[in-house]
>>> print(open('model14.csv').read())   # CSV, C-alpha atoms (C1' of nucleotides)
chain,number,residue,atom,x,y,z
T,1,MET,CA,-15.7,8.4,15.7
T,2,LYS,CA,-17.4,8.7,19.0
T,3,ARG,CA,-16.9,5.0,19.4
T,4,THR,CA,-13.2,5.3,18.8
T,5,ILE,CA,-12.7,8.1,21.2
T,6,LEU,CA,-14.7,6.2,23.7
T,7,SER,CA,-12.5,3.1,23.3
T,8,TYR,CA,-9.4,5.2,23.5
T,9,SER,CA,-10.6,6.7,26.7
T,10,LEU,CA,-11.4,3.3,28.1
T,11,ALA,CA,-8.0,2.0,27.1
T,12,LEU,CA,-6.4,5.0,28.7
T,13,ALA,CA,-8.3,4.5,31.9
T,14,ALA,CA,-7.4,0.9,31.9
T,15,LEU,CA,-3.7,1.8,31.4
T,16,ILE,CA,-3.8,4.3,34.2
T,17,SER,CA,-5.3,1.8,36.6
T,18,MET,CA,-2.8,-0.8,35.6
T,19,LEU,CA,0.0,1.7,36.2
T,20,LYS,CA,-1.4,2.6,39.6
T,21,LEU,CA,-1.3,-1.0,40.6
T,22,LEU,CA,2.3,-1.3,39.3
T,23,GLU,CA,3.2,1.9,41.1
T,24,TYR,CA,3.0,0.4,44.6
T,25,ARG,CA,4.9,-2.7,43.5
T,26,PHE,CA,7.6,-0.6,42.1
T,27,LEU,CA,7.8,1.8,44.9
T,28,VAL,CA,8.1,-0.9,47.6
T,29,HIS,CA,10.9,-2.4,45.5
T,30,THR,CA,12.7,0.9,45.9
T,31,LEU,CA,12.8,1.7,42.2
T,32,SER,CA,13.5,5.3,41.8
T,33,LEU,CA,10.5,7.5,41.3
T,34,GLU,CA,12.2,9.3,38.5
T,35,ILE,CA,12.6,6.2,36.4
T,36,TYR,CA,9.1,5.3,37.0
T,37,LEU,CA,7.9,8.7,35.9
T,38,GLY,CA,10.1,8.5,32.9
T,39,LEU,CA,8.6,5.2,31.9
T,40,ILE,CA,5.1,6.6,32.2
T,41,ALA,CA,6.1,9.6,30.2
T,42,ILE,CA,7.5,7.5,27.4
T,43,LEU,CA,4.6,5.1,27.4
T,44,PHE,CA,2.1,7.9,27.2
T,45,THR,CA,4.1,9.7,24.5
T,46,VAL,CA,3.9,6.5,22.4
T,47,LEU,CA,0.2,6.2,23.2
T,48,GLY,CA,-0.2,9.8,22.2
T,49,VAL,CA,1.6,9.3,18.9
T,50,TRP,CA,-0.6,6.3,18.2
T,51,VAL,CA,-3.8,8.2,19.1
T,52,GLY,CA,-2.7,11.2,17.0
T,53,LEU,CA,-2.1,9.0,14.0
T,54,LYS,CA,-5.4,7.2,14.4
T,55,LEU,CA,-7.4,10.4,14.7
T,56,THR,CA,-5.8,12.1,11.7
T,57,GLN,CA,-6.0,9.0,9.6
T,58,THR,CA,-4.3,10.2,6.4
T,59,LYS,CA,-0.6,9.6,6.0
T,60,PRO,CA,0.8,9.1,2.5
T,61,LEU,CA,3.6,6.6,2.2
T,62,PRO,CA,6.9,6.9,0.4
T,63,VAL,CA,7.7,3.4,-0.8
T,64,SER,CA,9.7,4.7,-3.6
T,65,GLN,CA,10.6,8.3,-3.2
T,66,LEU,CA,12.0,10.3,-6.0
T,67,ASN,CA,8.8,12.2,-6.2
T,68,TYR,CA,8.7,14.2,-9.4
T,69,GLN,CA,5.9,16.7,-9.5
T,70,VAL,CA,4.3,17.6,-12.7
T,71,ASP,CA,2.1,20.5,-13.6
T,72,PHE,CA,-0.5,18.4,-12.1
T,73,GLN,CA,-3.3,20.3,-10.4
T,74,PHE,CA,-5.7,18.6,-8.1
T,75,ASP,CA,-9.2,19.2,-9.3
T,76,PRO,CA,-12.2,18.1,-7.3
T,77,ALA,CA,-14.5,18.9,-10.2
T,78,ARG,CA,-12.9,16.2,-12.3
T,79,LEU,CA,-13.3,13.7,-9.5
T,80,GLU,CA,-16.9,14.6,-9.2
T,81,LYS,CA,-17.4,13.9,-12.8
T,82,PHE,CA,-16.6,10.3,-12.1
T,83,GLY,CA,-18.3,10.3,-8.7
T,84,ILE,CA,-15.1,9.4,-7.0
T,85,SER,CA,-15.2,10.1,-3.3
T,86,LYS,CA,-12.4,11.4,-1.1
T,87,ARG,CA,-11.5,8.1,0.3
T,88,GLU,CA,-11.6,6.4,-3.1
T,89,TYR,CA,-9.2,9.0,-4.3
T,90,GLN,CA,-6.8,8.3,-1.5
T,91,VAL,CA,-6.9,4.6,-2.4
T,92,LEU,CA,-6.4,5.4,-6.1
T,93,ASP,CA,-3.4,7.6,-5.2
T,94,LEU,CA,-1.7,4.9,-3.1
T,95,MET,CA,-2.5,2.4,-5.8
T,96,ALA,CA,-0.7,4.5,-8.3
T,97,ARG,CA,2.3,4.5,-6.0
T,98,GLY,CA,2.5,0.8,-6.3
T,99,LEU,CA,1.2,-0.2,-2.9
T,100,SER,CA,-0.7,-3.5,-2.4
T,101,ASN,CA,-4.2,-3.5,-1.0
T,102,GLN,CA,-2.8,-4.7,2.3
T,103,GLU,CA,-0.3,-1.8,2.4
T,104,ILE,CA,-3.0,0.7,1.6
T,105,ALA,CA,-5.1,-0.8,4.3
T,106,ASP,CA,-2.3,-0.3,6.8
T,107,THR,CA,-1.6,3.2,5.6
T,108,LEU,CA,-5.2,4.3,6.0
T,109,PHE,CA,-5.8,2.3,9.2
T,110,VAL,CA,-8.7,0.3,7.8
T,111,SER,CA,-9.2,-3.3,7.0
T,112,LEU,CA,-8.2,-5.1,3.8
T,113,ASN,CA,-11.9,-5.7,3.0
T,114,THR,CA,-12.6,-2.0,3.0
T,115,ILE,CA,-9.8,-1.3,0.5
T,116,LYS,CA,-11.2,-4.1,-1.7
T,117,THR,CA,-14.6,-2.4,-1.6
T,118,HIS,CA,-13.1,1.0,-2.5
T,119,SER,CA,-11.0,-0.4,-5.3
T,120,SER,CA,-13.9,-2.3,-6.7
T,121,ASN,CA,-16.0,0.8,-6.7
T,122,LEU,CA,-13.1,2.7,-8.4
T,123,PHE,CA,-12.9,0.1,-11.2
T,124,LEU,CA,-16.6,0.6,-11.8
T,125,LYS,CA,-16.4,4.3,-11.8
T,126,LEU,CA,-13.3,4.4,-14.1
T,127,ASP,CA,-14.7,1.5,-16.2
T,128,THR,CA,-11.6,-0.6,-15.7
T,129,LYS,CA,-10.9,-4.2,-14.8
T,130,ARG,CA,-7.6,-4.0,-13.1
T,131,ARG,CA,-5.6,-1.7,-10.9
T,132,THR,CA,-2.9,-1.1,-13.5
T,133,GLN,CA,-5.6,-0.1,-15.9
T,134,ALA,CA,-7.3,2.2,-13.4
T,135,VAL,CA,-4.0,3.9,-12.6
T,136,GLN,CA,-3.2,4.4,-16.3
T,137,LYS,CA,-6.6,5.8,-17.0
T,138,ALA,CA,-6.5,8.1,-14.0
T,139,LYS,CA,-3.2,9.5,-15.1
T,140,GLU,CA,-4.5,10.1,-18.6
T,141,LEU,CA,-7.5,11.9,-17.1
T,142,ARG,CA,-5.2,13.9,-14.9
T,143,LEU,CA,-7.0,12.7,-11.8
T,144,ILE,CA,-3.6,11.9,-10.3
T,145,PRO,CA,-0.1,13.2,-11.0
N,1,MET,CA,14.5,15.7,10.0
N,2,LYS,CA,17.3,14.8,12.4
N,3,ARG,CA,17.1,18.4,13.6
N,4,THR,CA,13.4,18.1,14.4
N,5,ILE,CA,13.9,14.8,16.2
N,6,LEU,CA,16.7,16.4,18.2
N,7,SER,CA,14.6,19.4,19.2
N,8,TYR,CA,11.8,17.2,20.3
N,9,SER,CA,14.1,15.1,22.4
N,10,LEU,CA,15.5,18.2,24.0
N,11,ALA,CA,12.0,19.5,24.6
N,12,LEU,CA,11.0,16.2,26.2
N,13,ALA,CA,14.1,16.2,28.4
N,14,ALA,CA,13.4,19.7,29.5
N,15,LEU,CA,9.8,18.8,30.3
N,16,ILE,CA,10.8,15.8,32.3
N,17,SER,CA,13.3,17.8,34.3
N,18,MET,CA,10.6,20.4,34.9
N,19,LEU,CA,8.2,17.8,36.0
N,20,LYS,CA,10.7,16.3,38.4
N,21,LEU,CA,11.1,19.7,40.1
N,22,LEU,CA,7.4,20.1,40.3
N,23,GLU,CA,7.1,16.6,41.6
N,24,TYR,CA,8.7,17.4,45.0
N,25,ARG,CA,6.6,20.6,45.3
N,26,PHE,CA,3.5,18.7,44.7
N,27,LEU,CA,4.4,15.9,47.0
N,28,VAL,CA,5.1,18.1,50.0
N,29,HIS,CA,1.8,19.8,49.4
N,30,THR,CA,0.2,16.4,49.8
N,31,LEU,CA,-1.3,16.4,46.4
N,32,SER,CA,-2.3,12.8,45.7
N,33,LEU,CA,0.2,10.8,43.6
N,34,GLU,CA,-2.6,9.5,41.5
N,35,ILE,CA,-3.7,12.9,40.3
N,36,TYR,CA,-0.1,13.8,39.7
N,37,LEU,CA,0.4,10.7,37.6
N,38,GLY,CA,-2.7,11.3,35.7
N,39,LEU,CA,-1.6,14.8,34.8
N,40,ILE,CA,1.7,13.5,33.6
N,41,ALA,CA,-0.1,10.9,31.5
N,42,ILE,CA,-2.4,13.4,29.9
N,43,LEU,CA,0.4,15.9,29.3
N,44,PHE,CA,2.6,13.3,27.6
N,45,THR,CA,-0.3,12.0,25.6
N,46,VAL,CA,-0.9,15.4,24.3
N,47,LEU,CA,2.8,15.8,23.6
N,48,GLY,CA,2.8,12.5,21.8
N,49,VAL,CA,-0.1,13.6,19.6
N,50,TRP,CA,1.8,16.7,18.8
N,51,VAL,CA,5.0,14.9,18.0
N,52,GLY,CA,3.2,12.3,16.0
N,53,LEU,CA,1.5,14.9,13.9
N,54,LYS,CA,4.7,16.8,13.4
N,55,LEU,CA,6.6,13.8,12.3
N,56,THR,CA,4.0,12.6,9.8
N,57,GLN,CA,3.5,15.9,8.2
N,58,THR,CA,4.2,15.7,4.5
N,59,LYS,CA,6.1,18.6,3.2
N,60,PRO,CA,5.2,20.1,-0.2
N,61,LEU,CA,7.4,19.2,-3.0
N,62,PRO,CA,9.7,21.7,-4.7
N,63,VAL,CA,8.5,22.7,-8.1
N,64,SER,CA,11.6,21.7,-9.8
N,65,GLN,CA,10.6,19.6,-12.7
N,66,LEU,CA,7.7,20.5,-14.9
N,67,ASN,CA,7.9,17.6,-17.3
N,68,TYR,CA,7.0,14.1,-17.5
N,69,GLN,CA,6.0,12.5,-20.7
N,70,VAL,CA,7.0,15.4,-22.8
N,71,ASP,CA,10.7,14.8,-22.9
N,72,PHE,CA,10.5,11.1,-22.9
N,73,GLN,CA,12.9,9.4,-25.2
N,74,PHE,CA,13.6,5.8,-25.7
N,75,ASP,CA,17.1,5.0,-24.5
N,76,PRO,CA,18.5,1.5,-24.9
N,77,ALA,CA,21.4,2.5,-22.7
N,78,ARG,CA,19.1,3.0,-19.7
N,79,LEU,CA,17.6,-0.4,-20.3
N,80,GLU,CA,20.9,-2.0,-20.5
N,81,LYS,CA,21.8,-0.5,-17.2
N,82,PHE,CA,19.1,-2.7,-15.7
N,83,GLY,CA,19.8,-5.7,-18.0
N,84,ILE,CA,16.3,-5.5,-19.4
N,85,SER,CA,16.0,-7.3,-22.7
N,86,LYS,CA,13.9,-6.3,-25.8
N,87,ARG,CA,11.2,-8.7,-25.0
N,88,GLU,CA,11.0,-7.7,-21.4
N,89,TYR,CA,10.7,-4.1,-22.4
N,90,GLN,CA,7.7,-4.9,-24.6
N,91,VAL,CA,6.1,-6.7,-21.7
N,92,LEU,CA,6.8,-3.8,-19.4
N,93,ASP,CA,5.3,-1.4,-21.9
N,94,LEU,CA,2.1,-3.4,-22.2
N,95,MET,CA,2.0,-3.8,-18.5
N,96,ALA,CA,2.1,0.0,-18.1
N,97,ARG,CA,-0.9,0.2,-20.4
N,98,GLY,CA,-2.9,-1.8,-18.0
N,99,LEU,CA,-3.0,-5.1,-19.8
N,100,SER,CA,-3.3,-8.4,-17.9
N,101,ASN,CA,-0.7,-11.1,-18.4
N,102,GLN,CA,-3.2,-13.1,-20.5
N,103,GLU,CA,-3.8,-10.0,-22.7
N,104,ILE,CA,-0.1,-9.4,-23.1
N,105,ALA,CA,0.4,-13.0,-24.1
N,106,ASP,CA,-2.3,-12.7,-26.7
N,107,THR,CA,-0.8,-9.5,-28.0
N,108,LEU,CA,2.6,-11.0,-28.4
N,109,PHE,CA,1.4,-14.4,-29.6
N,110,VAL,CA,3.1,-16.3,-26.8
N,111,SER,CA,1.9,-18.3,-23.9
N,112,LEU,CA,0.8,-17.0,-20.6
N,113,ASN,CA,3.7,-18.8,-18.9
N,114,THR,CA,6.2,-17.0,-21.0
N,115,ILE,CA,4.8,-13.6,-19.9
N,116,LYS,CA,4.9,-14.7,-16.3
N,117,THR,CA,8.6,-15.5,-16.7
N,118,HIS,CA,9.3,-12.2,-18.4
N,119,SER,CA,7.4,-10.2,-15.7
N,120,SER,CA,9.1,-12.1,-12.9
N,121,ASN,CA,12.5,-11.3,-14.4
N,122,LEU,CA,11.4,-7.7,-14.7
N,123,PHE,CA,10.5,-7.5,-11.1
N,124,LEU,CA,13.9,-8.8,-10.2
N,125,LYS,CA,15.7,-6.4,-12.4
N,126,LEU,CA,13.6,-3.4,-11.2
N,127,ASP,CA,13.7,-4.6,-7.6
N,128,THR,CA,9.9,-4.5,-7.3
N,129,LYS,CA,7.3,-6.8,-5.9
N,130,ARG,CA,4.2,-6.0,-8.0
N,131,ARG,CA,3.4,-4.9,-11.5
N,132,THR,CA,2.0,-1.6,-10.3
N,133,GLN,CA,5.3,-0.9,-8.5
N,134,ALA,CA,7.3,-1.9,-11.5
N,135,VAL,CA,5.3,0.4,-13.8
N,136,GLN,CA,5.7,3.3,-11.3
N,137,LYS,CA,9.4,2.8,-11.0
N,138,ALA,CA,9.9,2.4,-14.7
N,139,LYS,CA,8.2,5.7,-15.2
N,140,GLU,CA,10.3,7.4,-12.6
N,141,LEU,CA,13.4,6.0,-14.3
N,142,ARG,CA,12.1,7.2,-17.6
N,143,LEU,CA,12.2,3.7,-19.1
N,144,ILE,CA,8.7,4.2,-20.4
N,145,PRO,CA,6.6,7.3,-21.1
Q,1,DA,C1',-34.7,15.2,12.6
Q,2,DT,C1',-34.7,12.7,8.6
Q,3,DT,C1',-32.5,11.2,4.8
Q,4,DA,C1',-28.9,10.0,1.4
Q,5,DA,C1',-24.3,9.2,0.5
Q,6,DA,C1',-20.0,7.6,2.1
Q,7,DA,C1',-17.2,4.6,4.7
Q,8,DT,C1',-16.6,0.6,7.1
Q,9,DC,C1',-16.3,-4.5,7.5
Q,10,DA,C1',-17.5,-9.4,6.7
Q,11,DT,C1',-17.9,-13.8,4.3
Q,12,DA,C1',-17.5,-16.6,0.4
Q,13,DC,C1',-15.9,-17.4,-4.0
Q,14,DT,C1',-13.2,-16.9,-8.6
Q,15,DT,C1',-9.4,-15.1,-11.0
Q,16,DT,C1',-5.0,-13.3,-11.6
Q,17,DC,C1',-0.3,-12.8,-10.0
Q,18,DG,C1',3.9,-14.1,-8.7
Q,19,DG,C1',7.7,-17.4,-7.0
Q,20,DG,C1',10.2,-21.5,-7.8
Q,21,DT,C1',12.0,-25.0,-10.7
Q,22,DG,C1',13.3,-27.0,-14.7
Q,23,DA,C1',13.4,-27.8,-19.6
Q,24,DT,C1',14.1,-26.8,-24.7
Q,25,DG,C1',15.6,-24.4,-28.9
Q,26,DC,C1',18.2,-20.8,-31.0
Q,27,DG,C1',21.6,-17.7,-32.4
Q,28,DA,C1',26.0,-15.3,-31.2
Q,29,DC,C1',30.4,-15.2,-29.8
Q,30,DT,C1',35.2,-17.3,-29.1
U,1,DA,C1',32.4,-27.4,-30.4
U,2,DG,C1',31.0,-25.3,-26.4
U,3,DT,C1',28.8,-21.9,-23.7
U,4,DC,C1',26.1,-17.9,-22.9
U,5,DG,C1',22.1,-15.0,-23.2
U,6,DC,C1',17.5,-14.9,-24.7
U,7,DA,C1',13.1,-16.5,-25.5
U,8,DT,C1',10.0,-19.9,-25.0
U,9,DC,C1',6.9,-23.0,-22.2
U,10,DA,C1',5.2,-26.2,-18.4
U,11,DC,C1',3.7,-27.3,-13.6
U,12,DC,C1',2.8,-26.4,-9.0
U,13,DC,C1',1.5,-23.7,-5.2
U,14,DG,C1',0.5,-19.9,-2.3
U,15,DA,C1',-0.6,-15.0,-2.2
U,16,DA,C1',-3.0,-11.1,-3.8
U,17,DA,C1',-6.5,-9.2,-6.4
U,18,DG,C1',-11.1,-8.8,-7.7
U,19,DT,C1',-16.5,-9.9,-7.5
U,20,DA,C1',-20.9,-10.3,-5.1
U,21,DT,C1',-23.8,-9.5,-1.4
U,22,DG,C1',-25.3,-7.8,2.7
U,23,DA,C1',-24.8,-5.2,6.9
U,24,DT,C1',-23.8,-1.4,10.1
U,25,DT,C1',-22.1,3.1,11.2
U,26,DT,C1',-20.7,8.0,10.1
U,27,DT,C1',-21.1,12.1,7.9
U,28,DA,C1',-23.3,15.7,5.4
U,29,DA,C1',-27.1,17.9,3.6
U,30,DT,C1',-31.8,19.4,3.8
>>> encode(input="model14.csv", output="structure tokens")
Amino acid sequence: MKRTILSYSLALAALISMLKLLEYRFLVHTLSLEIYLGLIAILFTVLGVWVGLKLTQTKPLPVSQLNYQVDFQFDPARLEKFGISKREYQVLDLMARGLSNQEIADTLFVSLNTIKTHSSNLFLKLDTKRRTQAVQKAKELRLIP
Amino acid sequence: MKRTILSYSLALAALISMLKLLEYRFLVHTLSLEIYLGLIAILFTVLGVWVGLKLTQTKPLPVSQLNYQVDFQFDPARLEKFGISKREYQVLDLMARGLSNQEIADTLFVSLNTIKTHSSNLFLKLDTKRRTQAVQKAKELRLIP
DNA sequence: ATTAAAATCATACTTTCGGGTGATGCGACT
DNA sequence: AGTCGCATCACCCGAAAGTATGATTTTAAT
């Protein structure tokens, strides 16, 4: 985490420097200061959105909305019974929504390999061989809605 | 959602206007342009983070339906709506139980290739790319329990 | 401060899925 | 008699999923 923050800071610093260089260029070319400021504002807003998403990490995806909610109740105790970690649970949830490993990786902002590791561990803990089996079993066990 | 986006846009516009006013003030007071730019950058980064978080917030679902496999009832009419044949339905059902294509083939005493054909056709008819997605969608559509 | 668990990522390899294409046989319907 | 839908199967190929192993980094608990 420290590392990420550091890299973001560096990226930000680099961006600012770059912008400063550009600044003089633009100004001598008589581009209005307002437009320039607007561009900076937009750019950093986008950057902010990006940073915000990165830092908060979790963001469930729709894919196929039509979300029907059952009398399902999230129960950490049940997860603990199977030794399923928070991250693994997130992966399981997205799996159940029909996402591919790559899509899950993109959603959680981690690499494909990481998701493969998580899912492999899930299969061990749920004693299943495939994702479809894992999802089915997790539903039976009321681990997911 | 449109409303939120609109309000954010307005807020942004207001901010920009405000900043433009400030701009002249600051400039006549000989505050360095670099510092000013940096402030804008930081401000809009923060704004971006805020907007990003707001936009990705998942709202809780209404507790409308409290049912899921309770009221399931096999309905050939629904299948027909999607053009799903008897055999394809069987494959879909076994798929949802977590069986691999090979296992389904063994269960139905046909070849693996046949199951592949059936499942491919299923994906077409359900407009899905993966078996997990197909199963999920079929459950939503109440095609299977 | 140390330690244990969790999370991350990589590389290499095997298996399973899924798409595309084409072919055959069978019953039903007209 | 012809055609249409369904079921069956084959072959190829690329993509995705899954296994195994090892490593580093974060986080949480003691």
>>> residues_around(input="model14.csv", residues="DC17 in chain Q", least_positions_apart="4", cutoff="10 Å", atoms="all atoms listed in the file", output="number ranges by chain")
N: 100-101, 116, 119-120, 130-131; U: 15-17
>>> atom_distance(input="model14.csv", atom1="CA of Gly98 in chain N", atom2="CA of Gln133 in chain N")
12.6 Å
>>> interface_residues(input="model14.csv", of="chain U", to="chain N", cutoff="12 Å", atoms="only C-alpha atoms (C1' of nucleotides)", output="VMD selection string")
chain U and resid 5 to 11 15 to 17
>>> write_last_selection(input="model14.csv", atoms="C-alpha atoms (C1' of nucleotides)", output="mmCIF file, in the coordinates of the input")
data_model
loop_
_atom_site.group_PDB
_atom_site.id
_atom_site.type_symbol
_atom_site.label_atom_id
_atom_site.label_comp_id
_atom_site.auth_asym_id
_atom_site.auth_seq_id
_atom_site.Cartn_x
_atom_site.Cartn_y
_atom_site.Cartn_z
ATOM 1 C "C1'" DG U 5 22.100 -15.000 -23.200
ATOM 2 C "C1'" DC U 6 17.500 -14.900 -24.700
ATOM 3 C "C1'" DA U 7 13.100 -16.500 -25.500
ATOM 4 C "C1'" DT U 8 10.000 -19.900 -25.000
ATOM 5 C "C1'" DC U 9 6.900 -23.000 -22.200
ATOM 6 C "C1'" DA U 10 5.200 -26.200 -18.400
ATOM 7 C "C1'" DC U 11 3.700 -27.300 -13.600
ATOM 8 C "C1'" DA U 15 -0.600 -15.000 -2.200
ATOM 9 C "C1'" DA U 16 -3.000 -11.100 -3.800
ATOM 10 C "C1'" DA U 17 -6.500 -9.200 -6.400
#
>>> interface_residues(input="model14.csv", of="chain Q", to="chain N", cutoff="12 Å", atoms="all atoms listed in the file", output="PyMOL selection string")
chain Q and resi 15-21
>>> atom_distance(input="model14.csv", atom1="CA of Arg97 in chain T", atom2="CA of Thr132 in chain N")
7.5 Å
>>> residues_around(input="model14.csv", residues="range 80-83 of chain T", least_positions_apart="6", cutoff="10 Å", atoms="all atoms listed in the file", output="list in words")
Asn121, Leu122, Leu124, Lys125, Leu126, Asp127 and Leu143 of chain T
>>> atom_distance(input="model14.csv", atom1="CA of Ala138 in chain N", atom2="CA of Leu108 in chain N")
20.5 Å
>>> closest_residue(input="model14.csv", among="T:Pro145, T:Ile104, T:Ile84, T:Val91", to="chain N", atoms="only C-alpha atoms")
T:Pro145
